[in-house]
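What follows is a short report on a single structure.
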Amino acid sequence: MNTFQLDGAEVPFDDGDTLMVAAVRAGRHVPHLCWHPRLGQSGACRLCTVRVDGRLAAACTTRAAPGLVVENRTPDLDGRRRMLVQMLFVEGNHFCPGCEKSGDCRLQAAGYELGMTGPAFEEFHPQRPVDASHAQLWLEFNRCILCKLCVRASHEIDGKDVFAIGGHGIGTRLLVNSPSGLLADSALAPDDFAAQVCPVGAILPKRRGFAVPIGSRRVDVEDAAADAIAAADAAAPASEPDDARR
Ligand code: SF4
Ligand code: FES
């Protein structure tokens with residue numbers, strides 16, 4: 001089997017694997033926010049940026065090749081990741097102590113994992129709406145990190161195209177595909193994959209926010225990196241061929 005080097009360890013891969021897919025299958029953690037084993041590639045968050053033969057590249061979109069030398073968890077790369085996470089925190093309104101997703105949030109977990117101790121940049125404090133129109137789901141635009149997971153999940157798995165990304169630059173935002181632009185008038189249902197895939201507290205079920213007490217949630221009790229590997233393993237459709245996981 002072909003292999004590449006990841007932080008000095010040989011990682012086997014199949015033809016067509018990305019660095020991320022091969023790394024996760026080998027039980028190696030590459031920090032990520034917008035990659036999901038059931039969904040197509042996006043390259044939206046850049047948290048998975050590694051050095052491939054000395055050049056920066058996104059692990060979730062770069063194909064593995066024999067003999068590549070990939071650096072992943074170096075102080076330089078983790079420092080860049082920490083800065084990305086700090087920028088995401090100030091771009092939206094992320095108040096972890098009051099958020100229903102605290103302890104089960106990939107952005108918060110990345111902050112812990114990467115040693116983020118403060119925002120580092122001036123907070124934007126944007127004024128964004130909350131869409132509470134749906135009977136069973138919240139859409140909290142203040143927490144959206146524009147990872148496009150819900151967009152891809154709705155298109156690729158649910159076949160509904162409920163979500164899209166619109167606008168440019170600082171005005172980029174998540175859009176709801178419905179006549180009114182409100183979630184209540186969309187085709188989104190609570191058991192849709194798009195309603196369950198959000199890595200932060202932007203799409204949440206109503207009336208279940210504190211069913212598991214804060215302090216005993218996944219990332220409250222697990223190492224964030226180990227939890228990310230376990231979550232990717234659990235989410236990957238085991239019976240499907242590798243091609244379906246890309
Ligand atoms: Fe990503 Fe959640 Fe925003 Fe959708 S609502 S783009 S899943 S952060
Ligand atoms: Fe690779 Fe987001 S996980 S760019």
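Going by the structure tokens order, chains are called A, B, ..., each with residues numbered from 1, while ligands are numbered from 1 in the order shown.
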
*Near-stretch 12-25 of chain A list (10 Å; only C-alpha atoms; drop same-chain fewer than 5 positions) as a count of residues only*: 38

Select from chain A every residue with an atom at most 9 Å from any atom of ligand 1, then for each give the shortest pair of atoms and their distance in Å to one decimal, using only C-alpha atoms and all ligand atoms, rows by chain and rising number, as a Markdown table.
```
| residue | atom | partner | partner_atom_place_in_ligand_line | distance |
| --- | --- | --- | --- | --- |
| A:Leu33 | CA | ligand 1 | 1 (Fe) | 8.6 |
| A:Cys34 | CA | ligand 1 | 1 (Fe) | 7.4 |
| A:Leu139 | CA | ligand 1 | 5 (S) | 7.1 |
| A:Glu140 | CA | ligand 1 | 5 (S) | 7.6 |
| A:Phe141 | CA | ligand 1 | 5 (S) | 7.0 |
| A:Arg143 | CA | ligand 1 | 8 (S) | 6.7 |
| A:Cys144 | CA | ligand 1 | 3 (Fe) | 3.7 |
| A:Ile145 | CA | ligand 1 | 8 (S) | 4.3 |
| A:Leu146 | CA | ligand 1 | 6 (S) | 3.9 |
| A:Cys147 | CA | ligand 1 | 1 (Fe) | 3.9 |
| A:Lys148 | CA | ligand 1 | 6 (S) | 4.0 |
| A:Leu149 | CA | ligand 1 | 7 (S) | 4.4 |
| A:Cys150 | CA | ligand 1 | 7 (S) | 4.2 |
| A:Val151 | CA | ligand 1 | 4 (Fe) | 6.3 |
| A:Arg152 | CA | ligand 1 | 7 (S) | 8.8 |
| A:Ala153 | CA | ligand 1 | 7 (S) | 8.6 |
| A:Phe163 | CA | ligand 1 | 4 (Fe) | 7.6 |
| A:Ala164 | CA | ligand 1 | 6 (S) | 8.3 |
| A:Ile165 | CA | ligand 1 | 6 (S) | 7.7 |
| A:Arg173 | CA | ligand 1 | 3 (Fe) | 8.3 |
| A:Leu174 | CA | ligand 1 | 6 (S) | 6.2 |
| A:Ala194 | CA | ligand 1 | 7 (S) | 7.3 |
| A:Ala195 | CA | ligand 1 | 7 (S) | 8.2 |
| A:Gln196 | CA | ligand 1 | 7 (S) | 8.4 |
| A:Val197 | CA | ligand 1 | 7 (S) | 5.9 |
| A:Cys198 | CA | ligand 1 | 7 (S) | 3.6 |
| A:Pro199 | CA | ligand 1 | 2 (Fe) | 5.9 |
| A:Val200 | CA | ligand 1 | 8 (S) | 5.6 |
| A:Gly201 | CA | ligand 1 | 2 (Fe) | 7.0 |
| A:Ala202 | CA | ligand 1 | 5 (S) | 4.8 |
| A:Ile203 | CA | ligand 1 | 5 (S) | 5.4 |
```

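For the atom pair formed by atom CA of A:Val85 and atom CA of A:Arg73, the distance is 15.5 Å, given to one decimal.
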
*How would you write, as a list of chain:residue names, the set of residues in stretch 96-133 of chain A that DSSP gives as alpha helix (DSSP H)?*
A:Arg106, A:Leu107, A:Gln108, A:Ala109, A:Ala110, A:Gly111, A:Tyr112, A:Glu113

*Quick one: of A:Leu107, A:Ile170, A:Met116, A:Ala189, who's nearest to ligand 2, counting only C-alpha atoms and all ligand atoms?*
A:Leu107
